[in-house]
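Colleague: Structure supplied as structure.tsv; contents: TSV, N, CA, C and O atoms.
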chain	number	residue	atom	x	y	z
A	1	THR	N	64.45	29.09	10.06
A	1	THR	CA	64.67	30.44	9.57
A	1	THR	C	64.16	31.48	10.56
A	1	THR	O	63.50	32.43	10.18
A	2	GLY	N	64.43	31.30	11.82
A	2	GLY	CA	64.07	32.30	12.80
A	2	GLY	C	62.59	32.46	13.04
A	2	GLY	O	62.14	33.49	13.49
A	3	GLY	N	61.77	31.45	12.72
A	3	GLY	CA	60.34	31.54	12.97
A	3	GLY	C	59.56	32.29	11.92
A	3	GLY	O	58.44	32.71	12.14
A	4	GLN	N	60.13	32.45	10.73
A	4	GLN	CA	59.48	33.22	9.67
A	4	GLN	C	58.13	32.63	9.29
A	4	GLN	O	57.25	33.34	8.82
A	5	CYS	N	57.94	31.34	9.51
A	5	CYS	CA	56.69	30.69	9.14
A	5	CYS	C	55.73	30.54	10.32
A	5	CYS	O	54.66	29.98	10.17
A	6	ALA	N	56.11	31.03	11.50
A	6	ALA	CA	55.28	30.92	12.70
A	6	ALA	C	54.30	32.09	12.76
A	6	ALA	O	54.48	33.05	13.49
A	7	VAL	N	53.24	32.01	11.97
A	7	VAL	CA	52.26	33.09	11.87
A	7	VAL	C	51.52	33.26	13.19
A	7	VAL	O	50.99	32.30	13.73
A	8	PRO	N	51.48	34.48	13.73
A	8	PRO	CA	50.78	34.70	15.00
A	8	PRO	C	49.27	34.60	14.84
A	8	PRO	O	48.73	34.91	13.78
A	9	PRO	N	48.58	34.18	15.90
A	9	PRO	CA	47.12	34.12	15.83
A	9	PRO	C	46.54	35.53	15.81
A	9	PRO	O	47.15	36.48	16.32
A	10	LEU	N	45.36	35.66	15.24
A	10	LEU	CA	44.67	36.94	15.15
A	10	LEU	C	43.41	36.94	16.01
A	10	LEU	O	42.81	35.89	16.22
A	11	PRO	N	42.98	38.11	16.46
A	11	PRO	CA	41.71	38.20	17.18
A	11	PRO	C	40.55	37.80	16.25
A	11	PRO	O	40.65	37.92	15.03
A	12	ALA	N	39.46	37.39	16.84
A	12	ALA	CA	38.28	37.00	16.06
A	12	ALA	C	37.84	38.16	15.17
A	12	ALA	O	37.83	39.31	15.60
A	13	GLY	N	37.54	37.85	13.92
A	13	GLY	CA	37.05	38.84	12.98
A	13	GLY	C	38.13	39.65	12.28
A	13	GLY	O	37.84	40.46	11.40
A	14	VAL	N	39.39	39.48	12.66
A	14	VAL	CA	40.50	40.20	12.03
A	14	VAL	C	41.21	39.25	11.08
A	14	VAL	O	41.44	38.08	11.40
A	15	THR	N	41.57	39.74	9.89
A	15	THR	CA	42.27	38.93	8.90
A	15	THR	C	43.53	39.66	8.44
A	15	THR	O	43.68	40.87	8.68
A	16	PHE	N	44.40	38.94	7.78
A	16	PHE	CA	45.54	39.58	7.12
A	16	PHE	C	45.08	40.03	5.74
A	16	PHE	O	44.44	39.27	5.02
A	17	VAL	N	45.44	41.25	5.36
A	17	VAL	CA	45.06	41.76	4.04
A	17	VAL	C	46.25	41.93	3.12
A	17	VAL	O	46.07	42.10	1.91
A	18	GLN	N	47.47	41.89	3.67
A	18	GLN	CA	48.68	41.97	2.86
A	18	GLN	C	49.83	41.37	3.66
A	18	GLN	O	49.91	41.56	4.88
A	19	VAL	N	50.72	40.65	2.98
A	19	VAL	CA	51.88	40.03	3.62
A	19	VAL	C	53.12	40.34	2.79
A	19	VAL	O	53.06	40.34	1.56
A	20	ALA	N	54.24	40.59	3.47
A	20	ALA	CA	55.53	40.79	2.80
A	20	ALA	C	56.58	40.01	3.57
A	20	ALA	O	56.41	39.75	4.77
A	21	ALA	N	57.66	39.63	2.91
A	21	ALA	CA	58.71	38.85	3.56
A	21	ALA	C	60.07	39.45	3.29
A	21	ALA	O	60.36	39.90	2.18
A	22	GLY	N	60.90	39.47	4.33
A	22	GLY	CA	62.28	39.89	4.22
A	22	GLY	C	63.18	38.67	4.19
A	22	GLY	O	62.73	37.56	3.91
A	23	ARG	N	64.44	38.86	4.56
A	23	ARG	CA	65.41	37.76	4.54
A	23	ARG	C	64.98	36.60	5.45
A	23	ARG	O	64.97	35.47	5.02
A	24	SER	N	64.66	36.89	6.70
A	24	SER	CA	64.26	35.85	7.65
A	24	SER	C	63.12	36.30	8.53
A	24	SER	O	63.01	35.90	9.68
A	25	HIS	N	62.28	37.18	8.02
A	25	HIS	CA	61.12	37.63	8.78
A	25	HIS	C	59.96	37.90	7.83
A	25	HIS	O	60.14	38.01	6.62
A	26	SER	N	58.78	37.98	8.42
A	26	SER	CA	57.58	38.30	7.66
A	26	SER	C	56.85	39.43	8.36
A	26	SER	O	56.98	39.62	9.57
A	27	ILE	N	56.07	40.17	7.61
A	27	ILE	CA	55.29	41.28	8.13
A	27	ILE	C	53.94	41.26	7.43
A	27	ILE	O	53.86	40.93	6.24
A	28	ALA	N	52.88	41.56	8.18
A	28	ALA	CA	51.55	41.50	7.59
A	28	ALA	C	50.68	42.63	8.10
A	28	ALA	O	50.72	42.99	9.29
A	29	LEU	N	49.88	43.17	7.20
A	29	LEU	CA	48.90	44.19	7.53
A	29	LEU	C	47.60	43.50	7.90
A	29	LEU	O	47.11	42.65	7.17
A	30	ARG	N	47.06	43.89	9.05
A	30	ARG	CA	45.78	43.33	9.51
A	30	ARG	C	44.62	44.18	9.00
A	30	ARG	O	44.78	45.35	8.68
A	31	SER	N	43.43	43.60	8.96
A	31	SER	CA	42.25	44.31	8.49
A	31	SER	C	41.86	45.47	9.40
A	31	SER	O	41.12	46.36	8.98
A	32	ASP	N	42.39	45.52	10.61
A	32	ASP	CA	42.11	46.63	11.53
A	32	ASP	C	43.17	47.73	11.47
A	32	ASP	O	43.16	48.67	12.26
A	33	GLY	N	44.12	47.63	10.51
A	33	GLY	CA	45.14	48.66	10.32
A	33	GLY	C	46.37	48.51	11.19
A	33	GLY	O	47.27	49.33	11.12
A	34	LEU	N	46.43	47.46	11.99
A	34	LEU	CA	47.64	47.17	12.77
A	34	LEU	C	48.55	46.27	11.96
A	34	LEU	O	48.13	45.68	10.95
A	35	VAL	N	49.80	46.14	12.38
A	35	VAL	CA	50.77	45.31	11.69
A	35	VAL	C	51.32	44.27	12.64
A	35	VAL	O	51.61	44.56	13.80
A	36	GLU	N	51.45	43.05	12.16
A	36	GLU	CA	52.11	41.96	12.88
A	36	GLU	C	53.41	41.66	12.16
A	36	GLU	O	53.47	41.71	10.93
A	37	ALA	N	54.46	41.35	12.91
A	37	ALA	CA	55.73	40.95	12.31
A	37	ALA	C	56.30	39.81	13.13
A	37	ALA	O	56.14	39.77	14.36
A	38	TRP	N	56.95	38.85	12.46
A	38	TRP	CA	57.48	37.69	13.16
A	38	TRP	C	58.69	37.14	12.42
A	38	TRP	O	58.94	37.48	11.28
A	39	GLY	N	59.45	36.32	13.10
A	39	GLY	CA	60.66	35.74	12.54
A	39	GLY	C	61.89	36.33	13.20
A	39	GLY	O	61.82	36.88	14.31
A	40	ALA	N	63.03	36.25	12.53
A	40	ALA	CA	64.29	36.77	13.06
A	40	ALA	C	64.20	38.29	13.20
A	40	ALA	O	63.61	38.96	12.37
A	41	SER	N	64.79	38.81	14.28
A	41	SER	CA	64.70	40.26	14.51
A	41	SER	C	66.01	40.81	15.04
A	41	SER	O	66.03	41.72	15.86
A	42	GLY	N	67.14	40.28	14.56
A	42	GLY	CA	68.44	40.74	15.02
A	42	GLY	C	68.69	42.21	14.78
A	42	GLY	O	69.45	42.86	15.49
A	43	ALA	N	68.03	42.80	13.79
A	43	ALA	CA	68.20	44.22	13.49
A	43	ALA	C	66.95	45.02	13.85
A	43	ALA	O	66.80	46.16	13.46
A	44	GLY	N	66.04	44.39	14.58
A	44	GLY	CA	64.81	45.08	14.98
A	44	GLY	C	63.73	45.09	13.93
A	44	GLY	O	62.74	45.81	14.03
A	45	GLN	N	63.85	44.25	12.92
A	45	GLN	CA	62.90	44.26	11.80
A	45	GLN	C	61.50	43.76	12.15
A	45	GLN	O	60.57	43.95	11.38
A	46	THR	N	61.32	43.14	13.31
A	46	THR	CA	59.97	42.73	13.72
A	46	THR	C	59.43	43.62	14.84
A	46	THR	O	58.35	43.37	15.35
A	47	ALA	N	60.15	44.66	15.21
A	47	ALA	CA	59.72	45.59	16.27
A	47	ALA	C	58.90	46.71	15.65
A	47	ALA	O	59.40	47.79	15.36
A	48	VAL	N	57.62	46.45	15.44
A	48	VAL	CA	56.74	47.42	14.77
A	48	VAL	C	56.57	48.65	15.66
A	48	VAL	O	56.15	48.55	16.80
A	49	PRO	N	56.89	49.84	15.13
A	49	PRO	CA	56.75	51.06	15.93
A	49	PRO	C	55.29	51.40	16.22
A	49	PRO	O	54.42	51.17	15.38
A	50	PRO	N	55.03	51.99	17.38
A	50	PRO	CA	53.66	52.43	17.68
A	50	PRO	C	53.29	53.63	16.81
A	50	PRO	O	54.16	54.36	16.33
A	51	LEU	N	52.01	53.82	16.62
A	51	LEU	CA	51.50	54.91	15.79
A	51	LEU	C	50.87	56.00	16.66
A	51	LEU	O	50.38	55.72	17.75
A	52	PRO	N	50.82	57.23	16.13
A	52	PRO	CA	50.08	58.28	16.83
A	52	PRO	C	48.59	57.92	16.86
A	52	PRO	O	48.10	57.18	16.00
A	53	ALA	N	47.88	58.47	17.81
A	53	ALA	CA	46.44	58.22	17.91
A	53	ALA	C	45.74	58.58	16.61
A	53	ALA	O	46.05	59.61	15.99
A	54	GLY	N	44.82	57.74	16.18
A	54	GLY	CA	44.03	57.99	14.98
A	54	GLY	C	44.70	57.62	13.67
A	54	GLY	O	44.10	57.76	12.62
A	55	VAL	N	45.94	57.13	13.72
A	55	VAL	CA	46.68	56.74	12.51
A	55	VAL	C	46.75	55.22	12.45
A	55	VAL	O	46.94	54.57	13.48
A	56	VAL	N	46.57	54.66	11.26
A	56	VAL	CA	46.71	53.22	11.05
A	56	VAL	C	47.69	52.97	9.91
A	56	VAL	O	47.99	53.88	9.13
A	57	TYR	N	48.18	51.77	9.82
A	57	TYR	CA	49.01	51.38	8.69
A	57	TYR	C	48.11	51.01	7.52
A	57	TYR	O	47.01	50.51	7.72
A	58	THR	N	48.58	51.27	6.29
A	58	THR	CA	47.76	51.00	5.10
A	58	THR	C	48.41	50.05	4.10
A	58	THR	O	47.74	49.51	3.23
A	59	LYS	N	49.72	49.86	4.21
A	59	LYS	CA	50.45	48.95	3.32
A	59	LYS	C	51.77	48.60	3.98
A	59	LYS	O	52.35	49.43	4.67
A	60	VAL	N	52.25	47.37	3.77
A	60	VAL	CA	53.53	46.95	4.36
A	60	VAL	C	54.51	46.54	3.28
A	60	VAL	O	54.12	46.17	2.17
A	61	PHE	N	55.80	46.63	3.61
A	61	PHE	CA	56.85	46.17	2.70
A	61	PHE	C	58.02	45.67	3.52
A	61	PHE	O	58.20	46.06	4.67
A	62	ALA	N	58.81	44.79	2.94
A	62	ALA	CA	59.98	44.23	3.62
A	62	ALA	C	61.05	43.95	2.58
A	62	ALA	O	60.75	43.65	1.43
A	63	HIS	N	62.31	44.05	3.02
A	63	HIS	CA	63.44	43.74	2.16
A	63	HIS	C	64.64	43.47	3.04
A	63	HIS	O	64.95	44.29	3.92
A	64	GLY	N	65.30	42.35	2.83
A	64	GLY	CA	66.47	42.04	3.64
A	64	GLY	C	66.12	42.04	5.12
A	64	GLY	O	65.22	41.32	5.55
A	65	ASP	N	66.80	42.88	5.90
A	65	ASP	CA	66.54	42.98	7.34
A	65	ASP	C	65.78	44.25	7.68
A	65	ASP	O	65.91	44.80	8.78
A	66	ASN	N	64.99	44.76	6.74
A	66	ASN	CA	64.20	45.96	6.94
A	66	ASN	C	62.72	45.65	6.80
A	66	ASN	O	62.32	44.75	6.07
A	67	SER	N	61.91	46.45	7.49
A	67	SER	CA	60.46	46.40	7.35
A	67	SER	C	59.98	47.83	7.22
A	67	SER	O	60.66	48.77	7.65
A	68	GLY	N	58.80	47.99	6.67
A	68	GLY	CA	58.24	49.32	6.58
A	68	GLY	C	56.76	49.27	6.29
A	68	GLY	O	56.21	48.23	5.95
A	69	ALA	N	56.12	50.42	6.47
A	69	ALA	CA	54.70	50.50	6.21
A	69	ALA	C	54.31	51.93	5.84
A	69	ALA	O	54.88	52.89	6.35
A	70	LEU	N	53.32	52.04	4.97
A	70	LEU	CA	52.69	53.31	4.69
A	70	LEU	C	51.63	53.53	5.75
A	70	LEU	O	51.02	52.58	6.25
A	71	ARG	N	51.39	54.80	6.07
A	71	ARG	CA	50.46	55.15	7.13
A	71	ARG	C	49.31	55.98	6.59
A	71	ARG	O	49.44	56.64	5.55
A	72	SER	N	48.20	55.98	7.30
A	72	SER	CA	47.02	56.72	6.86
A	72	SER	C	47.22	58.23	6.89
A	72	SER	O	46.46	58.96	6.25
A	73	ASP	N	48.25	58.73	7.57
A	73	ASP	CA	48.53	60.16	7.57
A	73	ASP	C	49.46	60.58	6.43
A	73	ASP	O	49.91	61.71	6.36
A	74	GLY	N	49.75	59.64	5.51
A	74	GLY	CA	50.57	59.93	4.35
A	74	GLY	C	52.06	59.72	4.55
A	74	GLY	O	52.84	59.83	3.62
A	75	ASN	N	52.49	59.43	5.78
A	75	ASN	CA	53.90	59.17	6.06
A	75	ASN	C	54.21	57.70	5.86
A	75	ASN	O	53.32	56.87	5.72
A	76	ARG	N	55.49	57.40	5.86
A	76	ARG	CA	55.94	56.02	5.78
A	76	ARG	C	56.93	55.82	6.91
A	76	ARG	O	57.72	56.71	7.23
A	77	THR	N	56.86	54.67	7.54
A	77	THR	CA	57.77	54.35	8.64
A	77	THR	C	58.58	53.13	8.25
A	77	THR	O	58.04	52.16	7.73
A	78	VAL	N	59.90	53.19	8.48
A	78	VAL	CA	60.81	52.10	8.14
A	78	VAL	C	61.57	51.73	9.39
A	78	VAL	O	62.00	52.59	10.15
A	79	TRP	N	61.76	50.43	9.63
A	79	TRP	CA	62.50	49.98	10.80
A	79	TRP	C	63.30	48.74	10.47
A	79	TRP	O	63.11	48.11	9.44
A	80	GLY	N	64.23	48.39	11.32
A	80	GLY	CA	65.12	47.25	11.09
A	80	GLY	C	66.54	47.75	10.86
A	80	GLY	O	66.95	48.77	11.42
A	81	ALA	N	67.28	47.06	10.00
A	81	ALA	CA	68.69	47.41	9.74
A	81	ALA	C	68.79	48.83	9.19
A	81	ALA	O	69.57	49.63	9.69
A	82	ASN	N	68.02	49.15	8.17
A	82	ASN	CA	67.82	50.50	7.68
A	82	ASN	C	69.02	51.44	7.87
A	82	ASN	O	68.89	52.47	8.52
A	83	PRO	N	70.18	51.11	7.35
A	83	PRO	CA	71.37	51.92	7.64
A	83	PRO	C	71.40	53.29	6.95
A	83	PRO	O	72.14	54.15	7.38
A	84	ILE	N	70.60	53.51	5.93
A	84	ILE	CA	70.70	54.75	5.18
A	84	ILE	C	69.48	55.66	5.39
A	84	ILE	O	69.62	56.82	5.70
A	85	ALA	N	68.29	55.11	5.23
A	85	ALA	CA	67.09	55.93	5.30
A	85	ALA	C	66.73	56.26	6.74
A	85	ALA	O	66.95	55.47	7.64
A	86	PRO	N	66.16	57.44	6.99
A	86	PRO	CA	65.68	57.74	8.33
A	86	PRO	C	64.50	56.85	8.70
A	86	PRO	O	63.84	56.32	7.81
A	87	SER	N	64.23	56.68	9.98
A	87	SER	CA	63.20	55.74	10.38
A	87	SER	C	61.80	56.20	10.01
A	87	SER	O	60.90	55.41	9.85
A	88	THR	N	61.57	57.48	9.85
A	88	THR	CA	60.28	57.98	9.36
A	88	THR	C	60.55	58.96	8.23
A	88	THR	O	61.25	59.93	8.42
A	89	LEU	N	60.02	58.64	7.06
A	89	LEU	CA	60.25	59.50	5.88
A	89	LEU	C	59.01	60.32	5.58
A	89	LEU	O	57.93	59.92	5.80
Here is a file; write its structure as structure tokens.

Modeller:
Amino acid sequence: TGGQCAVPPLPAGVTFVQVAAGRSHSIALRSDGLVEAWGASGAGQTAVPPLPAGVVYTKVFAHGDNSGALRSDGNRTVWGANPIAPSTL
């Protein structure tokens, strides 16, 4: 399934605090506020966008070929197939 179960290694002291799964990919929030994504990425659903300085991710979600995350600045970022919604809401 495109490596959906191939969980990436984490740095020492960092853990996953939330995990979500799409059609053939997974996305996880790390305890340091970064996001890891792995698996199939034909629509860019594992290409986690960079954040502005001082902003971290706070929650992740996935559906079909889309991924997204809530951010500490109150915005939400969505990436992947996402044919209707803008990439940052």

Colleague: If I take atom N of Gly54 in chain A and CA of Ala6 in chain A, how far is one from the other in Å, to one decimal?

Modeller: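 Atom-to-atom, atom N of Gly54 in chain A and CA of Ala6 in chain A are spaced 29.0 Å apart.
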
Colleague: To one decimal in Å, tell me the separation between atom N of Ala81 in chain A and CA of Val48 in chain A.

Modeller: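 Pair atom N of Ala81 in chain A / CA of Val48 in chain A returns 11.6 Å.
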
Colleague: Which is closer to Ala62 in chain A than all the others in A:Gln4, A:Ser31, A:Thr15, A:Gln45, using only N, CA, C and O atoms?

Modeller: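 The closest residue to Ala62 in chain A is A:Gln45.
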
Colleague: What does the distance from CA of Gly13 in chain A to CA of Asn66 in chain A come to in Å, to one decimal?

Modeller: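 Those two atoms sit 28.7 Å apart.
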
Colleague: Check the smallest atom-to-atom distance from each of A:Gly80, A:Gly33, A:Gly22, A:Pro11 to Ala47 in chain A using all atoms listed in the file, then report the winner.

Modeller: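 When distances to Ala47 in chain A are compared using all atoms listed in the file, the smallest one comes from A:Gly80.
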
Colleague: I'd like the contact shell of range 55-57 of chain A - 10 Å cut-off, only C-alpha atoms, skipping same-chain residues fewer than 2 positions apart - returned as a CSV table (one decimal) with N, CA, C and O atoms, keeping the file's coordinate frame.

Modeller:
chain,number,residue,atom,x,y,z
A,29,LEU,N,49.9,43.2,7.2
A,29,LEU,CA,48.9,44.2,7.5
A,29,LEU,C,47.6,43.5,7.9
A,29,LEU,O,47.1,42.6,7.2
A,30,ARG,N,47.1,43.9,9.0
A,30,ARG,CA,45.8,43.3,9.5
A,30,ARG,C,44.6,44.2,9.0
A,30,ARG,O,44.8,45.4,8.7
A,31,SER,N,43.4,43.6,9.0
A,31,SER,CA,42.2,44.3,8.5
A,31,SER,C,41.9,45.5,9.4
A,31,SER,O,41.1,46.4,9.0
A,32,ASP,N,42.4,45.5,10.6
A,32,ASP,CA,42.1,46.6,11.5
A,32,ASP,C,43.2,47.7,11.5
A,32,ASP,O,43.2,48.7,12.3
A,33,GLY,N,44.1,47.6,10.5
A,33,GLY,CA,45.1,48.7,10.3
A,33,GLY,C,46.4,48.5,11.2
A,33,GLY,O,47.3,49.3,11.1
A,34,LEU,N,46.4,47.5,12.0
A,34,LEU,CA,47.6,47.2,12.8
A,34,LEU,C,48.6,46.3,12.0
A,34,LEU,O,48.1,45.7,11.0
A,35,VAL,N,49.8,46.1,12.4
A,35,VAL,CA,50.8,45.3,11.7
A,35,VAL,C,51.3,44.3,12.6
A,35,VAL,O,51.6,44.6,13.8
A,50,PRO,N,55.0,52.0,17.4
A,50,PRO,CA,53.7,52.4,17.7
A,50,PRO,C,53.3,53.6,16.8
A,50,PRO,O,54.2,54.4,16.3
A,51,LEU,N,52.0,53.8,16.6
A,51,LEU,CA,51.5,54.9,15.8
A,51,LEU,C,50.9,56.0,16.7
A,51,LEU,O,50.4,55.7,17.8
A,52,PRO,N,50.8,57.2,16.1
A,52,PRO,CA,50.1,58.3,16.8
A,52,PRO,C,48.6,57.9,16.9
A,52,PRO,O,48.1,57.2,16.0
A,53,ALA,N,47.9,58.5,17.8
A,53,ALA,CA,46.4,58.2,17.9
A,53,ALA,C,45.7,58.6,16.6
A,53,ALA,O,46.0,59.6,16.0
A,59,LYS,N,49.7,49.9,4.2
A,59,LYS,CA,50.4,49.0,3.3
A,59,LYS,C,51.8,48.6,4.0
A,59,LYS,O,52.4,49.4,4.7
A,60,VAL,N,52.2,47.4,3.8
A,60,VAL,CA,53.5,47.0,4.4
A,60,VAL,C,54.5,46.5,3.3
A,60,VAL,O,54.1,46.2,2.2
A,68,GLY,N,58.8,48.0,6.7
A,68,GLY,CA,58.2,49.3,6.6
A,68,GLY,C,56.8,49.3,6.3
A,68,GLY,O,56.2,48.2,6.0
A,69,ALA,N,56.1,50.4,6.5
A,69,ALA,CA,54.7,50.5,6.2
A,69,ALA,C,54.3,51.9,5.8
A,69,ALA,O,54.9,52.9,6.4
A,70,LEU,N,53.3,52.0,5.0
A,70,LEU,CA,52.7,53.3,4.7
A,70,LEU,C,51.6,53.5,5.8
A,70,LEU,O,51.0,52.6,6.2
A,71,ARG,N,51.4,54.8,6.1
A,71,ARG,CA,50.5,55.2,7.1
A,71,ARG,C,49.3,56.0,6.6
A,71,ARG,O,49.4,56.6,5.6
A,72,SER,N,48.2,56.0,7.3
A,72,SER,CA,47.0,56.7,6.9
A,72,SER,C,47.2,58.2,6.9
A,72,SER,O,46.5,59.0,6.2
A,73,ASP,N,48.2,58.7,7.6
A,73,ASP,CA,48.5,60.2,7.6
A,73,ASP,C,49.5,60.6,6.4
A,73,ASP,O,49.9,61.7,6.4
A,74,GLY,N,49.8,59.6,5.5
A,74,GLY,CA,50.6,59.9,4.4
A,74,GLY,C,52.1,59.7,4.6
A,74,GLY,O,52.8,59.8,3.6
A,75,ASN,N,52.5,59.4,5.8
A,75,ASN,CA,53.9,59.2,6.1
A,75,ASN,C,54.2,57.7,5.9
A,75,ASN,O,53.3,56.9,5.7
A,76,ARG,N,55.5,57.4,5.9
A,76,ARG,CA,55.9,56.0,5.8
A,76,ARG,C,56.9,55.8,6.9
A,76,ARG,O,57.7,56.7,7.2
A,77,THR,N,56.9,54.7,7.5
A,77,THR,CA,57.8,54.4,8.6
A,77,THR,C,58.6,53.1,8.2
A,77,THR,O,58.0,52.2,7.7

Colleague: Compare A:Gly39, A:Arg23, A:Val78, A:Leu10 by their minimum atom-to-atom distance to Asp65 in chain A, counting only C-alpha atoms, and give me the closest one.

Modeller: A:Arg23

Colleague: Could you find all residues in chain A that DSSP calls strand (DSSP E or B) from the backbone, and write them as an MDAnalysis selection string?

Modeller: chainID A and resid 16:21 25:30 35:39 57:63 66:71 76:80 88

Colleague: May I have the protein, DNA and RNA residues with an atom at most 6 Å from (61.2, 37.9, 14.1), counting all atoms listed in the file in the file's coordinates, returned as a compact mmCIF listing (two decimals) with N, CA, C and O atoms, in the frame of the given file?

Modeller:
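Produced file point.txt, reproduced below:
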# COMPACT_ATOMS: atom_id res chain seq x y z
N GLY A 2 64.43 31.30 11.82
CA GLY A 2 64.07 32.30 12.80
C GLY A 2 62.59 32.46 13.04
O GLY A 2 62.14 33.49 13.49
N SER A 24 64.66 36.89 6.70
CA SER A 24 64.26 35.85 7.65
C SER A 24 63.12 36.30 8.53
O SER A 24 63.01 35.90 9.68
N HIS A 25 62.28 37.18 8.02
CA HIS A 25 61.12 37.63 8.78
C HIS A 25 59.96 37.90 7.83
O HIS A 25 60.14 38.01 6.62
N ALA A 37 54.46 41.35 12.91
CA ALA A 37 55.73 40.95 12.31
C ALA A 37 56.30 39.81 13.13
O ALA A 37 56.14 39.77 14.36
N TRP A 38 56.95 38.85 12.46
CA TRP A 38 57.48 37.69 13.16
C TRP A 38 58.69 37.14 12.42
O TRP A 38 58.94 37.48 11.28
N GLY A 39 59.45 36.32 13.10
CA GLY A 39 60.66 35.74 12.54
C GLY A 39 61.89 36.33 13.20
O GLY A 39 61.82 36.88 14.31
N ALA A 40 63.03 36.25 12.53
CA ALA A 40 64.29 36.77 13.06
C ALA A 40 64.20 38.29 13.20
O ALA A 40 63.61 38.96 12.37
N SER A 41 64.79 38.81 14.28
CA SER A 41 64.70 40.26 14.51
C SER A 41 66.01 40.81 15.04
O SER A 41 66.03 41.72 15.86
N THR A 46 61.32 43.14 13.31
CA THR A 46 59.97 42.73 13.72
C THR A 46 59.43 43.62 14.84
O THR A 46 58.35 43.37 15.35

Colleague: Have a look at A:Ser26, A:Ser67, A:Gly44, A:Trp79 and name the one nearest to Pro8 in chain A; count only C-alpha atoms.

Modeller: A:Ser26
